[in-house]
Each structure stands twice: as structure tokens, then as C-alpha cells.
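Each remark here refers to the structure printed beneath this line.
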Amino acid sequence: GYLLEDFFPSNNVRFIAINDDVDTDKGINDFTPFKNIMNEWYAKDISKKIRSARKTKALNGDFVVSYAPYGYKKDPENNNHLIVDEEVRPVIELIFRLALEGHGCPKIASILTERGIYTPGYYKRMKGNIRFARFKNKGWTYVTVRKILGDVVYLGHIESNKYEVINYKTKKCVPVSKERHLYDSV
């Protein structure tokens, strides 16, 4: 409503919506604001339903994130279940073994880089995941190692509901308090 009635006219923008028979050069018909309200309600309702479905899946122990964490892959028979990525298993074991030997995250990162082990992002890129196309194999960072060492997924648990979208319009994510996280087994 604001865009159609205030912003577009004051900025000399012509808005045309063919399916809704809207053309701001011809003026806005009286039904357009009602259509906007109905569309707004529909988007809000769908957002609530999707959020509810994801939470239900998480409560049932399903993995609901779009891609698996490093060291795991999605089960080809059940997309909501994780299985160990045997190709990466030795890297994860090495990281934990080095930590148990007393090496800090920067030292572990340096050892992994010296050995030429692909970083998690680059590994996913090499496996064809287009979301990681921008990743280069520049070397491990202590932050990546620290994240792996601190993630409960490597203890065999799925931690869900770590972030939530505040508003379906902005899609801004904010962290959820630890008490509201959901846990289950991998």
C-alpha cells in the first residue's frame, strides 16, 4: 500500500501488475488495497505453517537444515537423516585426536593446512554443492576448527532450533537461547 500510494508516485515510478490489472498511470482501483491485505495474510499464514512443520520435523528427530555439516552427508534414502561421510571421517578424527593431545585450534588449523586437507567449504564445492562455489582452499582457520570441536553433531546429536526468523518479510535470523534448542540423535 505504501509503495503504490506514496513511494511510487512521489518518485515517478510506474507500477504495472498485469494479472491484478494495476497500472499506477491509470490510478489505483478501490480493490487493490484489499488484494494487498489478502496477499499479506496469505504470506504470513504460509510462513507460520512452514515454521510449524520444520519445528515438528525437528521434534521428531529429523535433520531439517538444507545441507549436512562437514563430516556428514544426507542419507540418500531419507533426506532428513544424516550418515557419516566416510571420506571425511579421518579428518574429523584427526581434529579431535589433536585436540585431545593438547593442541589448540590455531595449531590444529595449521597442521590441517600443511597436510593439504581441503577446508569444509572447499570440500563441499569439490563435491558439486553450488552454494559453496565461491570457496577457495586457502587454508584452515582456528575458527573453523573451534566450530567443529564445539558442535554436538560430532557427539552424535542433532541440535535444531538454534536460530529463528523474526519476521517473514525481512527473513532476518536471530540466535535462540540454548534452553530452547532441540536435541536428538543422529
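Residue names in the C-alpha cells use chain letters A, B, ... in the order shown, residue numbers from 1 in each chain, and ligand numbers from 1 in the order shown.
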Fewer than 5 positions away in the same chain doesn't count, so skip those; otherwise give me all residues within 10 Å of Asp20 (chain A), counting only C-alpha atoms, as a PDB file with N, CA, C and O atoms, in the first residue's frame.
ATOM      1  N   PHE A  31     -10.158  -1.863  -5.253  1.00  0.00           N
ATOM      2  CA  PHE A  31      -9.989  -3.232  -4.794  1.00  0.00           C
ATOM      3  C   PHE A  31      -8.519  -3.565  -4.493  1.00  0.00           C
ATOM      4  O   PHE A  31      -8.238  -4.494  -3.734  1.00  0.00           O
ATOM      5  N   THR A  32      -7.592  -2.822  -5.057  1.00  0.00           N
ATOM      6  CA  THR A  32      -6.156  -3.116  -4.900  1.00  0.00           C
ATOM      7  C   THR A  32      -5.700  -3.161  -3.442  1.00  0.00           C
ATOM      8  O   THR A  32      -4.995  -4.096  -3.054  1.00  0.00           O
ATOM      9  N   LYS A  35      -6.673  -6.486  -1.997  1.00  0.00           N
ATOM     10  CA  LYS A  35      -5.841  -7.575  -2.519  1.00  0.00           C
ATOM     11  C   LYS A  35      -4.498  -7.590  -1.787  1.00  0.00           C
ATOM     12  O   LYS A  35      -3.968  -8.645  -1.477  1.00  0.00           O
TER      13      LYS A  35
END
* Any idea what's packed within 12 Å of region 51-53 of chain A, counting only C-alpha atoms, ignoring anything in its chain fewer than 6 positions away? Could you give it as a PyMOL selection string? -> chain A and resi 44-45+59-60+62+64+161+163-168
Can I get the selection written as a PDB file, in the first residue's frame, with C-alpha atoms?
ATOM      1  CA  LYS A  44       2.071 -14.598   6.893  1.00  0.00           C
ATOM      2  CA  ASP A  45      -0.062 -17.756   7.163  1.00  0.00           C
ATOM      3  CA  LEU A  59      10.948 -32.591  17.392  1.00  0.00           C
ATOM      4  CA  ASN A  60      10.687 -35.938  15.581  1.00  0.00           C
ATOM      5  CA  ASP A  62      14.657 -35.226  11.597  1.00  0.00           C
ATOM      6  CA  VAL A  64      15.847 -30.059   8.851  1.00  0.00           C
ATOM      7  CA  ASN A 161      16.086 -24.548  16.509  1.00  0.00           C
ATOM      8  CA  TYR A 163      18.054 -19.624  15.000  1.00  0.00           C
ATOM      9  CA  GLU A 164      14.641 -18.242  14.219  1.00  0.00           C
ATOM     10  CA  VAL A 165      13.313 -15.787  11.684  1.00  0.00           C
ATOM     11  CA  ILE A 166      11.857 -12.788  13.451  1.00  0.00           C
ATOM     12  CA  ASN A 167       9.760 -11.507  10.558  1.00  0.00           C
ATOM     13  CA  TYR A 168       8.755 -13.354   7.415  1.00  0.00           C
TER      14      TYR A 168
END
Report as a Markdown table the residues of region 43-72 of chain A within 9 Å of region 151-159 of chain A, each with its shortest atom pair and distance in Å (one decimal), using only C-alpha atoms, ordered by chain and increasing residue number.
| residue | atom | partner | partner_atom | distance |
| --- | --- | --- | --- | --- |
| A:Ala58 | CA | A:Glu159 | CA | 8.7 |
| A:Gly61 | CA | A:Ile158 | CA | 7.5 |
| A:Asp62 | CA | A:Ile158 | CA | 8.4 |
| A:Phe63 | CA | A:Ile158 | CA | 7.0 |
| A:Pro69 | CA | A:Val153 | CA | 8.1 |
| A:Gly71 | CA | A:Tyr154 | CA | 8.4 |
Serialized selection, C-alpha atoms, as a PDB file, in the first residue's frame:
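Printed below is again.pdb as written:
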ATOM      1  CA  ALA A  58      12.948 -31.286  14.412  1.00  0.00           C
ATOM      2  CA  GLY A  61      14.486 -36.071  15.290  1.00  0.00           C
ATOM      3  CA  ASP A  62      14.657 -35.226  11.597  1.00  0.00           C
ATOM      4  CA  PHE A  63      17.538 -33.176  10.229  1.00  0.00           C
ATOM      5  CA  PRO A  69      27.584 -30.426   8.385  1.00  0.00           C
ATOM      6  CA  GLY A  71      31.822 -34.925   8.053  1.00  0.00           C
TER       7      GLY A  71
END
* Asked: Within 10 Å of Asp23 (chain A), counting only C-alpha atoms, which residues qualify if same-chain residues fewer than 6 places away don't, as an MDAnalysis selection string?
  -> chainID A and resid 4 14:17 29
Filtering to C-alpha atoms, could you give me those residues as a short mmCIF file (atom, residue, chain, number, x, y, z; two decimals), in the first residue's frame?
data_model
loop_
_atom_site.label_atom_id
_atom_site.label_comp_id
_atom_site.auth_asym_id
_atom_site.auth_seq_id
_atom_site.Cartn_x
_atom_site.Cartn_y
_atom_site.Cartn_z
CA LEU A 4 1.64 2.08 -4.52
CA ARG A 14 5.10 3.44 -12.88
CA PHE A 15 3.98 0.11 -11.42
CA ILE A 16 2.17 -2.42 -13.61
CA ALA A 17 0.77 -5.74 -12.38
CA ASN A 29 -8.68 0.86 -8.26
#
* Separation of CA of Leu98 (chain A) from CA of Ser110 (chain A), in Å and rounded to one decimal -> 11.5 Å
* Asked: Can you list every residue in chain A that DSSP puts in helix (DSSP H, G or I), as a VMD selection string?
  -> chain A and resid 2 to 10 32 to 59 89 to 100 105 to 114 120 to 126 130 to 132 142 to 150 152 to 155 178 to 180
* Of the listed residues A:Asn129, A:Ser47, A:Ile92, A:Ile111, that which approaches Thr170 (chain A) most closely, counting only C-alpha atoms ->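 Ranked by minimum distance to Thr170 (chain A), first place goes to A:Ser47.
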* Write out as a list in words each polymer residue whose atoms come within 7 Å of Leu82 (chain A), counting only C-alpha atoms; drop sequence neighbours fewer than 6 positions from it. => Tyr72, Lys73, Lys74, Asp75 and Val186 of chain A
* Asked: Neighbours of Phe96 (chain A) within 12 Å (only C-alpha atoms; same-chain residues fewer than 5 positions away dropped), as a ChimeraX atom specification?
  -> /A:89-91,101-105,108-109,145-151,154-155
* How many Å lie between CA of Tyr42 (chain A) and CA of Asn79 (chain A), rounded to one decimal? ->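 Here the two named atoms are 28.2 Å from each other.
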* Asked: CA of Lys162 (chain A) to CA of Ser177 (chain A): how many Å, to one decimal?
  ->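 CA of Ser177 (chain A) lies at a distance of 7.5 Å from CA of Lys162 (chain A).
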